[in-house]
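A.B. asks: start_10.txt is reproduced in full below (compact mmCIF, C-alpha atoms and all ligand atoms).
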```
# COMPACT_ATOMS: atom_id res chain seq x y z
CA MET A 1479 25.07 30.81 31.48
CA GLN A 1480 25.80 27.48 33.19
CA SER A 1481 28.55 29.01 35.28
CA ARG A 1482 26.45 31.98 36.41
CA PRO A 1483 24.28 30.08 38.93
CA LEU A 1484 27.40 28.71 40.54
CA LEU A 1485 28.96 32.15 40.57
CA LEU A 1486 25.85 33.63 42.12
CA ALA A 1487 25.66 30.85 44.68
CA SER A 1488 29.23 31.45 45.73
CA LEU A 1489 28.58 35.19 45.99
CA LEU A 1490 25.59 34.60 48.19
CA VAL A 1491 27.15 32.12 50.55
CA LEU A 1492 30.66 33.54 50.93
CA GLY A 1493 30.89 35.18 54.31
CA SER A 1494 34.09 36.66 55.67
CA PHE A 1495 35.86 39.88 54.85
CA ALA A 1496 38.63 42.08 56.16
CA VAL A 1497 38.27 44.94 58.62
CA ALA A 1498 38.76 48.37 57.06
CA PRO A 1499 41.03 50.83 58.87
CA ALA A 1500 39.00 52.74 61.44
CA GLN A 1501 39.56 56.42 60.78
CA THR A 1502 37.22 59.35 60.98
CA HIS A 1503 36.33 61.80 58.27
CA ALA A 1504 34.80 65.02 59.51
CA GLN A 1505 32.94 65.73 56.29
CA ALA A 1506 31.40 62.30 55.90
CA PRO A 1507 28.01 62.73 54.25
CA ALA A 1508 25.46 61.84 56.89
CA GLN A 1509 22.09 60.52 55.86
CA ALA A 1510 19.93 58.26 57.96
CA PRO A 1511 16.79 56.57 56.67
CA THR A 1512 14.00 58.87 57.83
CA GLN A 1513 10.95 57.67 55.91
CA VAL A 1514 10.88 54.07 57.01
CA GLN A 1515 7.30 53.02 57.69
CA SER A 1516 7.57 49.27 57.79
CA GLN A 1517 4.28 47.81 56.60
CA ASP A 1518 5.54 44.27 57.04
CA ALA A 1519 8.14 44.13 59.76
CA THR A 1520 7.98 40.34 59.91
CA LEU A 1521 8.73 39.96 56.21
CA GLY A 1522 11.47 42.57 56.54
CA GLN A 1523 13.01 40.65 59.43
CA ARG A 1524 12.89 37.39 57.45
CA LEU A 1525 14.56 39.11 54.48
CA PHE A 1526 17.21 40.62 56.71
CA ASP A 1527 17.80 37.27 58.41
CA VAL A 1528 18.22 35.42 55.11
CA MET A 1529 20.63 38.11 53.85
CA SER A 1530 22.56 37.85 57.12
CA ARG A 1531 22.88 34.09 56.71
CA ASN A 1532 24.58 34.75 53.37
CA ASN A 1533 27.29 36.57 55.28
CA PRO A 1534 27.56 35.25 58.83
CA GLU A 1535 30.86 37.00 59.47
CA VAL A 1536 29.78 40.55 58.60
CA LEU A 1537 31.64 42.91 60.89
CA PRO A 1538 30.31 45.97 62.72
CA GLY A 1539 29.94 49.02 60.53
CA ARG A 1540 29.83 47.03 57.31
CA ARG A 1541 26.89 46.44 54.99
CA VAL A 1542 25.43 42.92 54.98
CA ASN A 1543 24.95 43.31 51.22
CA HIS A 1544 26.79 45.52 48.71
CA ALA A 1545 29.61 45.53 51.28
CA LYS A 1546 32.43 46.53 48.93
CA GLY A 1547 31.87 50.08 47.78
CA ALA A 1548 33.17 53.61 47.45
CA VAL A 1549 31.46 56.95 48.04
CA TYR A 1550 31.62 59.80 45.55
CA THR A 1551 30.39 63.36 45.44
CA GLY A 1552 28.41 64.51 42.47
CA SER A 1553 25.76 66.84 41.16
CA PHE A 1554 22.55 66.66 39.15
CA THR A 1555 21.11 69.25 36.80
CA ALA A 1556 17.64 68.56 35.42
CA SER A 1557 16.85 68.98 31.73
CA PRO A 1558 13.98 71.29 30.64
CA ASP A 1559 11.87 68.17 29.93
CA ALA A 1560 12.07 67.01 33.55
CA ALA A 1561 9.71 69.68 34.87
CA THR A 1562 7.10 68.67 32.28
CA LEU A 1563 6.87 65.30 34.03
CA SER A 1564 7.22 66.19 37.72
CA ILE A 1565 7.11 69.03 40.22
CA ALA A 1566 9.80 67.29 42.34
CA PRO A 1567 12.24 70.02 43.44
CA HIS A 1568 15.36 68.38 42.01
CA LEU A 1569 13.67 68.09 38.60
CA GLN A 1570 13.14 71.84 38.11
CA GLY A 1571 16.59 72.67 36.69
CA GLN A 1572 18.56 74.03 39.65
CA PRO A 1573 21.74 71.95 40.19
CA VAL A 1574 21.62 69.85 43.37
CA PRO A 1575 24.55 68.14 45.11
CA MET A 1576 24.62 64.35 45.23
CA VAL A 1577 26.20 61.58 47.27
CA ILE A 1578 26.79 58.44 45.19
CA ARG A 1579 28.01 55.01 46.27
CA PHE A 1580 29.23 52.44 43.74
CA SER A 1581 29.29 48.89 45.06
CA LEU A 1582 29.49 45.19 44.34
CA ALA A 1583 26.57 42.95 45.39
CA GLY A 1584 27.24 40.47 48.16
CA GLY A 1585 28.63 40.80 51.65
CA VAL A 1586 32.31 40.10 50.98
CA ILE A 1587 34.44 43.21 51.11
CA ALA A 1588 37.65 41.50 49.93
CA VAL A 1589 36.08 40.03 46.78
CA PRO A 1590 37.87 40.78 43.46
CA ASP A 1591 35.84 43.12 41.26
CA LYS A 1592 35.94 40.66 38.35
CA SER A 1593 34.04 38.03 40.41
CA VAL A 1594 30.87 40.04 40.95
CA PRO A 1595 28.67 40.79 37.93
CA VAL A 1596 26.00 42.73 39.88
CA HIS A 1597 27.04 46.33 40.58
CA GLY A 1598 25.22 48.96 42.60
CA MET A 1599 24.94 52.70 42.07
CA ALA A 1600 23.05 54.19 45.00
CA MET A 1601 22.56 57.95 45.09
CA SER A 1602 21.03 60.73 47.10
CA PHE A 1603 19.82 64.00 45.56
CA GLN A 1604 20.18 66.65 48.26
CA LEU A 1605 17.71 69.53 48.21
CA PRO A 1606 18.50 73.04 49.49
CA ASP A 1607 15.83 72.72 52.24
CA GLY A 1608 17.50 69.64 53.76
CA ARG A 1609 15.19 67.05 52.22
CA SER A 1610 16.56 64.43 49.88
CA THR A 1611 15.47 61.60 47.65
CA ASP A 1612 17.41 58.46 46.74
CA LEU A 1613 17.76 56.07 43.86
CA MET A 1614 19.16 52.61 44.54
CA CYS A 1615 20.11 51.04 41.24
CA ILE A 1616 21.84 47.95 39.95
CA ASN A 1617 23.30 47.28 36.51
CA VAL A 1618 20.48 44.88 35.62
CA PRO A 1619 17.06 46.09 34.41
CA VAL A 1620 15.05 43.32 36.09
CA PHE A 1621 15.11 41.73 39.54
CA VAL A 1622 15.69 38.04 40.22
CA SER A 1623 12.36 37.41 42.00
CA PRO A 1624 8.82 38.76 41.48
CA THR A 1625 8.01 38.93 45.21
CA PRO A 1626 10.00 39.39 48.44
CA GLU A 1627 8.84 35.91 49.54
CA GLU A 1628 10.35 34.34 46.44
CA PHE A 1629 13.58 36.27 47.00
CA ILE A 1630 13.83 34.52 50.38
CA ALA A 1631 13.33 31.14 48.65
CA PHE A 1632 16.03 32.05 46.09
CA ASN A 1633 18.52 32.87 48.84
CA GLU A 1634 17.64 29.70 50.75
CA ALA A 1635 18.25 27.63 47.60
CA ALA A 1636 21.63 29.34 47.15
CA GLN A 1637 22.56 28.73 50.78
CA ALA A 1638 21.65 25.04 50.38
CA SER A 1639 24.09 24.82 47.44
CA PRO A 1640 27.61 25.50 48.72
CA PRO A 1641 30.50 24.99 46.28
CA GLY A 1642 31.00 21.26 45.66
CA SER A 1643 27.32 20.34 46.12
CA PRO A 1644 26.27 17.51 43.79
CA ALA A 1645 24.32 18.56 40.70
CA PRO A 1646 21.57 19.39 40.33
CA THR A 1647 21.96 21.64 43.34
CA ALA A 1648 19.02 23.24 45.12
CA LEU A 1649 19.94 26.50 43.38
CA GLN A 1650 20.06 24.87 39.94
CA ARG A 1651 16.65 23.30 40.58
CA PHE A 1652 15.30 26.65 41.75
CA ILE A 1653 16.58 28.46 38.68
CA GLY A 1654 15.35 25.70 36.39
CA SER A 1655 11.81 26.16 37.68
CA HIS A 1656 11.79 29.99 37.94
CA PRO A 1657 11.88 31.82 34.58
CA ALA A 1658 12.32 35.20 36.30
CA ALA A 1659 15.61 34.01 37.81
CA GLN A 1660 16.67 32.79 34.35
CA ARG A 1661 15.87 36.21 32.84
CA PHE A 1662 17.90 37.92 35.55
CA LEU A 1663 20.93 35.70 34.93
CA ALA A 1664 20.61 36.16 31.17
CA ALA A 1665 20.67 39.95 31.66
CA LEU A 1666 24.05 39.94 33.45
CA LYS A 1667 26.75 41.52 31.30
CA PRO A 1668 30.50 41.00 30.98
CA MET A 1669 32.76 43.04 33.24
CA PRO A 1670 32.61 46.68 32.07
CA GLN A 1671 35.60 48.89 31.36
CA SER A 1672 34.39 51.12 34.16
CA PHE A 1673 31.56 51.77 36.61
CA GLY A 1674 31.23 54.82 34.34
CA THR A 1675 30.54 52.77 31.18
CA GLU A 1676 27.50 50.77 32.24
CA SER A 1677 23.82 51.55 32.83
CA TYR A 1678 21.99 51.24 36.13
CA PHE A 1679 18.29 50.68 36.86
CA ALA A 1680 16.09 51.35 39.92
CA ILE A 1681 13.92 48.50 38.56
CA HIS A 1682 10.64 49.22 40.42
CA ALA A 1683 8.00 51.49 38.87
CA PHE A 1684 7.63 54.99 40.34
CA ARG A 1685 5.00 57.70 39.68
CA LEU A 1686 5.80 61.22 38.53
CA THR A 1687 3.18 63.99 38.75
CA ASN A 1688 3.51 67.33 36.96
CA ALA A 1689 2.07 70.79 37.63
CA ALA A 1690 -1.05 69.94 35.63
CA GLY A 1691 -1.71 67.01 37.97
CA GLU A 1692 -0.89 64.41 35.31
CA THR A 1693 0.62 61.25 36.80
CA ARG A 1694 2.71 58.78 34.82
CA ASN A 1695 4.27 55.45 35.74
CA ILE A 1696 8.00 55.52 35.06
CA ARG A 1697 11.10 53.41 35.51
CA TRP A 1698 14.43 55.13 36.19
CA ARG A 1699 17.56 54.49 34.14
CA ILE A 1700 21.05 55.89 34.63
CA VAL A 1701 22.88 55.78 31.29
CA PRO A 1702 26.59 56.58 30.85
CA GLU A 1703 27.35 59.40 28.42
CA ALA A 1704 30.52 57.51 27.50
CA GLY A 1705 28.36 54.60 26.27
CA TYR A 1706 28.52 50.96 27.29
CA ALA A 1707 32.00 49.44 27.09
CA ALA A 1708 32.92 45.93 28.26
CA ARG A 1709 36.27 44.27 28.91
CA SER A 1710 37.21 41.27 26.85
CA ALA A 1711 37.22 37.94 28.71
CA GLU A 1712 41.05 38.10 28.76
CA GLU A 1713 41.05 41.66 30.14
CA ALA A 1714 38.53 40.70 32.81
CA VAL A 1715 40.53 37.67 33.97
CA ALA A 1716 43.74 39.72 34.09
CA SER A 1717 42.17 42.64 35.97
CA PRO A 1718 43.54 43.42 39.44
CA PRO A 1719 41.32 42.89 42.51
CA ASN A 1720 40.15 46.51 42.77
CA ALA A 1721 40.11 47.19 39.02
CA LEU A 1722 36.72 48.90 38.85
CA PHE A 1723 37.16 51.01 41.98
CA ASP A 1724 40.69 52.08 41.00
CA GLU A 1725 39.57 52.85 37.46
CA LEU A 1726 36.73 55.09 38.63
CA GLU A 1727 38.99 56.97 41.01
CA ALA A 1728 41.45 57.62 38.17
CA ARG A 1729 38.67 58.49 35.71
CA THR A 1730 37.12 61.09 38.01
CA LYS A 1731 40.55 62.64 38.67
CA ALA A 1732 40.71 63.32 34.91
CA GLY A 1733 37.26 64.97 34.92
CA PRO A 1734 33.63 64.40 35.92
CA VAL A 1735 32.02 61.11 34.82
CA ALA A 1736 28.65 61.88 33.28
CA PHE A 1737 25.39 59.91 33.19
CA ARG A 1738 21.92 60.74 31.84
CA LEU A 1739 19.04 60.29 34.25
CA GLU A 1740 16.24 58.87 32.13
CA ALA A 1741 12.60 57.98 32.69
CA GLN A 1742 11.09 55.12 30.71
CA ILE A 1743 7.40 55.99 30.44
CA GLY A 1744 5.00 53.14 31.12
CA GLU A 1745 1.85 52.59 29.11
CA ALA A 1746 -1.46 50.99 30.01
CA GLY A 1747 -0.91 47.34 30.86
CA ASP A 1748 2.79 47.66 31.68
CA PRO A 1749 3.21 45.91 35.05
CA THR A 1750 4.04 48.18 37.99
CA ASN A 1751 4.12 45.54 40.73
CA ASP A 1752 6.44 42.94 39.21
CA PRO A 1753 10.13 43.94 39.05
CA THR A 1754 11.04 40.85 37.02
CA ILE A 1755 9.20 42.00 33.87
CA ALA A 1756 10.90 44.65 31.71
CA TRP A 1757 8.69 47.11 29.86
CA PRO A 1758 8.94 46.99 26.05
CA GLU A 1759 12.08 48.72 24.74
CA GLU A 1760 9.98 50.85 22.35
CA ARG A 1761 8.45 52.78 25.29
CA ARG A 1762 9.21 56.51 25.25
CA VAL A 1763 12.34 57.43 27.20
CA VAL A 1764 12.74 61.02 28.46
CA ASN A 1765 16.13 62.53 29.32
CA LEU A 1766 15.61 64.10 32.73
CA GLY A 1767 19.07 65.56 33.19
CA ARG A 1768 22.73 65.06 33.83
CA ILE A 1769 24.46 63.35 36.75
CA LEU A 1770 28.13 64.25 37.20
CA VAL A 1771 30.25 62.01 39.41
CA THR A 1772 32.97 64.40 40.50
CA GLY A 1773 35.31 62.68 42.92
CA GLU A 1774 35.83 60.04 45.56
CA VAL A 1775 35.20 61.15 49.12
CA PRO A 1776 38.39 61.00 51.25
CA ASN A 1777 38.52 57.93 53.51
CA THR A 1778 35.51 56.41 51.82
CA ALA A 1779 35.52 53.33 54.11
CA GLU A 1780 34.69 55.61 57.02
CA ALA A 1781 32.52 58.02 55.06
CA GLU A 1782 30.10 55.28 53.97
CA LYS A 1783 29.21 54.24 57.51
CA PRO A 1784 26.63 56.95 58.34
CA ILE A 1785 25.02 56.72 54.91
CA GLY A 1786 21.79 54.77 54.53
CA PHE A 1787 19.94 54.87 51.23
CA LEU A 1788 16.25 54.07 50.79
CA ALA A 1789 14.49 52.58 47.80
CA GLY A 1790 11.41 54.78 47.58
CA LYS A 1791 11.90 58.13 49.28
CA GLU A 1792 9.03 60.31 48.14
CA LEU A 1793 8.79 64.02 47.36
CA PRO A 1794 5.96 66.14 45.96
CA GLY A 1795 5.62 64.96 42.35
CA LEU A 1796 7.58 61.75 43.01
CA ALA A 1797 5.91 58.69 44.52
CA ARG A 1798 6.63 55.00 44.77
CA GLY A 1799 4.45 52.71 42.68
CA ASP A 1800 2.46 49.72 43.94
CA ASP A 1801 5.37 47.25 43.97
CA PRO A 1802 5.31 45.30 47.29
CA PHE A 1803 9.12 45.39 47.33
CA PHE A 1804 9.06 49.03 48.49
CA ALA A 1805 7.58 48.22 51.92
CA ALA A 1806 9.72 45.10 52.29
CA ARG A 1807 12.89 46.97 51.37
CA ASP A 1808 12.03 49.82 53.79
CA ALA A 1809 12.00 47.28 56.58
CA VAL A 1810 15.19 45.55 55.43
CA TYR A 1811 17.19 48.74 55.00
CA ALA A 1812 16.10 50.05 58.42
CA LEU A 1813 17.24 46.79 60.02
CA ALA A 1814 20.47 46.74 58.01
CA PHE A 1815 21.23 50.35 58.90
CA ALA A 1816 20.54 49.71 62.60
CA ARG A 1817 22.62 46.54 62.49
CA ARG A 1818 25.76 48.38 61.42
CA HIS A 1819 25.45 51.21 63.97
C1 LIG B 1 13.87 42.13 48.87
C2 LIG B 1 14.87 42.45 48.07
C3 LIG B 1 16.14 43.08 48.57
C4 LIG B 1 16.78 42.89 49.76
C5 LIG B 1 16.39 41.94 50.88
C6 LIG B 1 17.94 43.75 49.76
C7 LIG B 1 18.85 43.85 50.81
C8 LIG B 1 19.87 44.76 50.90
C9 LIG B 1 20.66 45.03 52.07
C10 LIG B 1 20.49 44.31 53.42
C11 LIG B 1 21.54 46.01 51.78
C12 LIG B 1 22.56 46.67 52.73
C13 LIG B 1 21.90 47.98 53.21
C14 LIG B 1 22.67 48.77 54.22
O1 LIG B 1 23.41 48.23 55.05
O2 LIG B 1 22.51 50.03 54.20
C15 LIG B 1 21.33 46.36 50.40
C16 LIG B 1 22.03 47.31 49.71
C17 LIG B 1 21.77 47.67 48.41
N1 LIG B 1 20.72 47.24 47.63
FE1 LIG B 1 19.31 45.90 48.12
N2 LIG B 1 17.98 44.45 48.60
C18 LIG B 1 16.89 44.08 47.83
C19 LIG B 1 16.54 44.54 46.60
C20 LIG B 1 17.27 45.44 45.87
C21 LIG B 1 16.95 45.92 44.55
C22 LIG B 1 15.71 45.51 43.75
C23 LIG B 1 17.93 46.80 44.20
C24 LIG B 1 18.09 47.61 42.94
C25 LIG B 1 17.09 48.05 42.21
C26 LIG B 1 18.86 46.89 45.29
C27 LIG B 1 19.98 47.68 45.32
C28 LIG B 1 20.82 47.84 46.40
C29 LIG B 1 21.97 48.71 46.39
C30 LIG B 1 22.47 49.57 45.23
C31 LIG B 1 22.56 48.61 47.65
C32 LIG B 1 23.82 49.34 48.14
C33 LIG B 1 23.41 50.58 48.91
C34 LIG B 1 24.60 51.38 49.37
O3 LIG B 1 25.52 51.60 48.56
O4 LIG B 1 24.60 51.82 50.54
N3 LIG B 1 18.43 46.06 46.29
N4 LIG B 1 20.30 45.60 49.89
```
Would you give me this structure, written as structure tokens?
Ligand code: HEM

C.D. replies:
Amino acid sequence: MQSRPLLLASLLVLGSFAVAPAQTHAQAPAQAPTQVQSQDATLGQRLFDVMSRNNPEVLPGRRVNHAKGAVYTGSFTASPDAATLSIAPHLQGQPVPMVIRFSLAGGVIAVPDKSVPVHGMAMSFQLPDGRSTDLMCINVPVFVSPTPEEFIAFNEAAQASPPGSPAPTALQRFIGSHPAAQRFLAALKPMPQSFGTESYFAIHAFRLTNAAGETRNIRWRIVPEAGYAARSAEEAVASPPNALFDELEARTKAGPVAFRLEAQIGEAGDPTNDPTIAWPEERRVVNLGRILVTGEVPNTAEAEKPIGFLAGKELPGLARGDDPFFAARDAVYALAFARRH
């Protein structure tokens, strides 16, 4: 636990990374953010600016956060239970194609996989009529800060604590006085065997509405059918720089990597506007269907450039909850997408 703040600080402040080979891929999945309605452009700009200061040497075409990643194709087939919760088109049982990007948090593309405990799984469900909806998930069920403002303060504390700063650093003082940040750090897990053997969470509460007009608060979970499997400390230390990305490529060549899409159903009193508070584990969890990750897209470094995921892309029967992060993240992702194009 003591080493995690330092690790996180170094992830946040490290800045430079290598240029990927510039090649084109004709079948790159193209998806631009289309539903951005920034309700707080100023806050979004401040969030984008603080993220950019984490990585002052970000290069054109590269993400300012979750820079190291790989794009996969996939598919989703809803379970019969899904339609009982929502009329959303992708939850009715017809298979839909997916675009999925696995990533490491932080803006450093050359970082070794073993150094970054926060992993992203961002995905787009692509409907036959051209619409789509996204889920942007990380492998932690809670966020580090309860409000976007506090996330700025967290990043500023990290930036004021470069490696070698005398203890207690600004980041250590911040974490010491913010229980939500402590819960986030405590929830980080050892390096997994695979991106395909860990769970991912969209964290914020969403609302599903079914054909009877019943609306429920839910939180999304993506759970590996293979189960959770970690590397030992020795295996993690000995792992090569691209261990997780290479492993997933090999795993998908042997067959699809399967996840369950689950909805944790909120009950009265469960907070929907604070992403740092987990709902009780005894809440009902519904299996909404099966995600298959089928294969890495050729020339993924080029293929990821036109892709821009959004955190709360609504459809009939699927709405964002009242978490203020949705509007803030809309603004940040629009700026980040524009910045790399
Ligand atoms: C205010 C809080 C947050 C800020 C400022 C922020 C900022 C960013 C930025 C700037 C990017 C790069 C986007 C791009 O270039 O397309 C990014 C990517 C990402 N973020 Fe966030 N983020 C926040 C919260 C979250 C949360 C709560 C989650 C998970 C539940 C999350 C998951 C991701 C993922 C998975 C990616 C990678 C997307 C991809 O593969 O293209 N972020 N974030």

A.B. asks: Quote the spacing between atom C2 of ligand LIG 1 (chain B) and CA of Val1618 (chain A) in Å to one decimal place.

C.D. replies: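 Answer for the atom C2 of ligand LIG 1 (chain B) to CA of Val1618 (chain A) separation: 13.9 Å.
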
A.B. asks: Using all atoms listed in the file, find the one residue out of A:Ala1711, A:Met1599, A:Val1764, A:Leu1521 that sits nearest to ligand LIG 1 (chain B).

C.D. replies: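 Using all atoms listed in the file, the shortest distance to ligand LIG 1 (chain B) belongs to A:Met1599.
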
A.B. asks: May I have the residues within 6 Å of ligand LIG 1 (chain B), computed using all atoms listed in the file, as an mmCIF file with C-alpha atoms, in the frame of the given file?

C.D. replies:
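As a result, pocket_6.cif now contains:
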```cif
data_model
loop_
_atom_site.group_PDB
_atom_site.id
_atom_site.type_symbol
_atom_site.label_atom_id
_atom_site.label_comp_id
_atom_site.auth_asym_id
_atom_site.auth_seq_id
_atom_site.Cartn_x
_atom_site.Cartn_y
_atom_site.Cartn_z
ATOM 1 C CA LEU A 1525 14.560 39.110 54.480
ATOM 2 C CA PHE A 1526 17.210 40.620 56.710
ATOM 3 C CA ARG A 1541 26.890 46.440 54.990
ATOM 4 C CA VAL A 1542 25.430 42.920 54.980
ATOM 5 C CA ASN A 1543 24.950 43.310 51.220
ATOM 6 C CA HIS A 1544 26.790 45.520 48.710
ATOM 7 C CA ARG A 1579 28.010 55.010 46.270
ATOM 8 C CA SER A 1581 29.290 48.890 45.060
ATOM 9 C CA GLY A 1598 25.220 48.960 42.600
ATOM 10 C CA MET A 1599 24.940 52.700 42.070
ATOM 11 C CA ALA A 1600 23.050 54.190 45.000
ATOM 12 C CA MET A 1614 19.160 52.610 44.540
ATOM 13 C CA CYS A 1615 20.110 51.040 41.240
ATOM 14 C CA ILE A 1616 21.840 47.950 39.950
ATOM 15 C CA PHE A 1621 15.110 41.730 39.540
ATOM 16 C CA PRO A 1626 10.000 39.390 48.440
ATOM 17 C CA ALA A 1680 16.090 51.350 39.920
ATOM 18 C CA ILE A 1681 13.920 48.500 38.560
ATOM 19 C CA GLY A 1786 21.790 54.770 54.530
ATOM 20 C CA PHE A 1787 19.940 54.870 51.230
ATOM 21 C CA PHE A 1803 9.120 45.390 47.330
ATOM 22 C CA ARG A 1807 12.890 46.970 51.370
ATOM 23 C CA VAL A 1810 15.190 45.550 55.430
ATOM 24 C CA TYR A 1811 17.190 48.740 55.000
ATOM 25 C CA ALA A 1814 20.470 46.740 58.010
ATOM 26 C CA PHE A 1815 21.230 50.350 58.900
#
```

A.B. asks: With a distance cut-off of 12 Å and all atoms listed in the file, select the neighbouring residues of Glu1713 (chain A), excluding the residue or stretch itself and same-chain residues fewer than 5 positions from it, and output the selection as a list in words.

C.D. replies: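 Close residues of Glu1713 (chain A): Lys1592, Pro1668, Met1669, Pro1670, Gln1671, Ala1708, Pro1718 and Ala1721 of chain A.
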
A.B. asks: Ranking A:Ala1648, A:Ala1779, A:Ala1812, A:Ala1519 by minimum distance to Gly1539 (chain A) and counting all atoms listed in the file, which one comes first?

C.D. replies: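 Checking each of A:Ala1648, A:Ala1779, A:Ala1812, A:Ala1519 against Gly1539 (chain A), counting all atoms listed in the file, the winner is A:Ala1779.
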
A.B. asks: Tell me which protein, DNA and RNA residues are within 8 Å of Pro1575 (chain A), counting only C-alpha atoms, leaving out same-chain ones fewer than 2 positions away, and put them as a PyMOL selection string.

C.D. replies: chain A and resi 1551-1554+1573+1577+1603-1605

A.B. asks: Which of these, A:Val1620, A:Ala1716, A:Ala1741, A:Leu1666, has the shortest distance to Ala1756 (chain A) once you count all atoms listed in the file?

C.D. replies: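 Closest to Ala1756 (chain A), using all atoms listed in the file: A:Val1620.
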
A.B. asks: Kindly give the distance, in Å, that separates CA of Ala1707 (chain A) and CA of Pro1734 (chain A), rounded to a single decimal.

C.D. replies: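 Computing the Euclidean distance for CA of Ala1707 (chain A) and CA of Pro1734 (chain A) yields 17.4 Å.
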
A.B. asks: Mind pulling up the distance from CA of Asp1808 (chain A) to CA of Gln1650 (chain A)?

C.D. replies: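 Interatomic distance here is 29.6 Å.
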
A.B. asks: Point out the residue among A:Pro1538, A:Trp1698, A:Ser1655, A:Arg1817 with the least atom-to-atom distance to Gln1523 (chain A), counting only C-alpha atoms.

C.D. replies: A:Arg1817

A.B. asks: Please identify all polymer residues within 8 Å of region 1563-1569 of chain A, counting all atoms listed in the file, omitting same-chain residues fewer than 6 positions from it, and present them as JSON, numbers by chain.

C.D. replies: {"A": [1554, 1555, 1556, 1557, 1603, 1605, 1686, 1687, 1688, 1689, 1692, 1693, 1694, 1766, 1793, 1794, 1795, 1796]}

A.B. asks: From the set A:Arg1738, A:His1819, A:Arg1609, A:Arg1661, which residue has the shortest atom-to-atom contact distance to Thr1754 (chain A), counting all atoms listed in the file?

C.D. replies: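 With all atoms listed in the file as the atom set, the closest residue is A:Arg1661.
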
A.B. asks: Mind dumping region 1587-1602 of chain A from that block, keeping N, CA and C atoms, as an mmCIF file, in the first residue's frame?

C.D. replies:
```cif
data_model
loop_
_atom_site.group_PDB
_atom_site.id
_atom_site.type_symbol
_atom_site.label_atom_id
_atom_site.label_comp_id
_atom_site.auth_asym_id
_atom_site.auth_seq_id
_atom_site.Cartn_x
_atom_site.Cartn_y
_atom_site.Cartn_z
ATOM 1 N N ILE A 1587 3.351 5.757 -23.557
ATOM 2 C CA ILE A 1587 3.094 4.607 -24.418
ATOM 3 C C ILE A 1587 4.165 3.531 -24.253
ATOM 4 N N ALA A 1588 5.372 3.908 -23.820
ATOM 5 C CA ALA A 1588 6.471 2.940 -23.716
ATOM 6 C C ALA A 1588 6.555 2.306 -22.330
ATOM 7 N N VAL A 1589 5.537 2.499 -21.493
ATOM 8 C CA VAL A 1589 5.605 1.997 -20.119
ATOM 9 C C VAL A 1589 5.485 0.453 -20.117
ATOM 10 N N PRO A 1590 6.250 -0.240 -19.250
ATOM 11 C CA PRO A 1590 6.071 -1.698 -19.158
ATOM 12 C C PRO A 1590 4.725 -2.029 -18.531
ATOM 13 N N ASP A 1591 4.081 -3.063 -19.036
ATOM 14 C CA ASP A 1591 2.741 -3.419 -18.551
ATOM 15 C C ASP A 1591 2.721 -3.649 -17.037
ATOM 16 N N LYS A 1592 3.817 -4.213 -16.495
ATOM 17 C CA LYS A 1592 3.827 -4.538 -15.066
ATOM 18 C C LYS A 1592 3.806 -3.299 -14.178
ATOM 19 N N SER A 1593 4.099 -2.107 -14.745
ATOM 20 C CA SER A 1593 4.201 -0.893 -13.932
ATOM 21 C C SER A 1593 2.877 -0.178 -13.749
ATOM 22 N N VAL A 1594 1.845 -0.596 -14.466
ATOM 23 C CA VAL A 1594 0.583 0.148 -14.427
ATOM 24 C C VAL A 1594 -0.530 -0.757 -13.912
ATOM 25 N N PRO A 1595 -1.018 -0.513 -12.691
ATOM 26 C CA PRO A 1595 -2.065 -1.396 -12.156
ATOM 27 C C PRO A 1595 -3.466 -1.075 -12.652
ATOM 28 N N VAL A 1596 -3.673 0.119 -13.254
ATOM 29 C CA VAL A 1596 -5.022 0.480 -13.711
ATOM 30 C C VAL A 1596 -5.130 0.207 -15.208
ATOM 31 N N HIS A 1597 -6.044 -0.698 -15.563
ATOM 32 C CA HIS A 1597 -6.223 -1.119 -16.952
ATOM 33 C C HIS A 1597 -7.588 -0.674 -17.459
ATOM 34 N N GLY A 1598 -7.649 -0.306 -18.731
ATOM 35 C CA GLY A 1598 -8.912 0.090 -19.332
ATOM 36 C C GLY A 1598 -9.432 -0.954 -20.293
ATOM 37 N N MET A 1599 -10.761 -1.083 -20.333
ATOM 38 C CA MET A 1599 -11.425 -1.860 -21.378
ATOM 39 C C MET A 1599 -12.570 -0.966 -21.862
ATOM 40 N N ALA A 1600 -12.340 -0.310 -22.991
ATOM 41 C CA ALA A 1600 -13.360 0.580 -23.554
ATOM 42 C C ALA A 1600 -13.984 -0.135 -24.736
ATOM 43 N N MET A 1601 -15.303 -0.014 -24.881
ATOM 44 C CA MET A 1601 -15.951 -0.808 -25.937
ATOM 45 C C MET A 1601 -17.137 -0.074 -26.519
ATOM 46 N N SER A 1602 -17.379 -0.385 -27.787
ATOM 47 C CA SER A 1602 -18.498 0.185 -28.510
ATOM 48 C C SER A 1602 -19.368 -0.967 -29.010
#
```
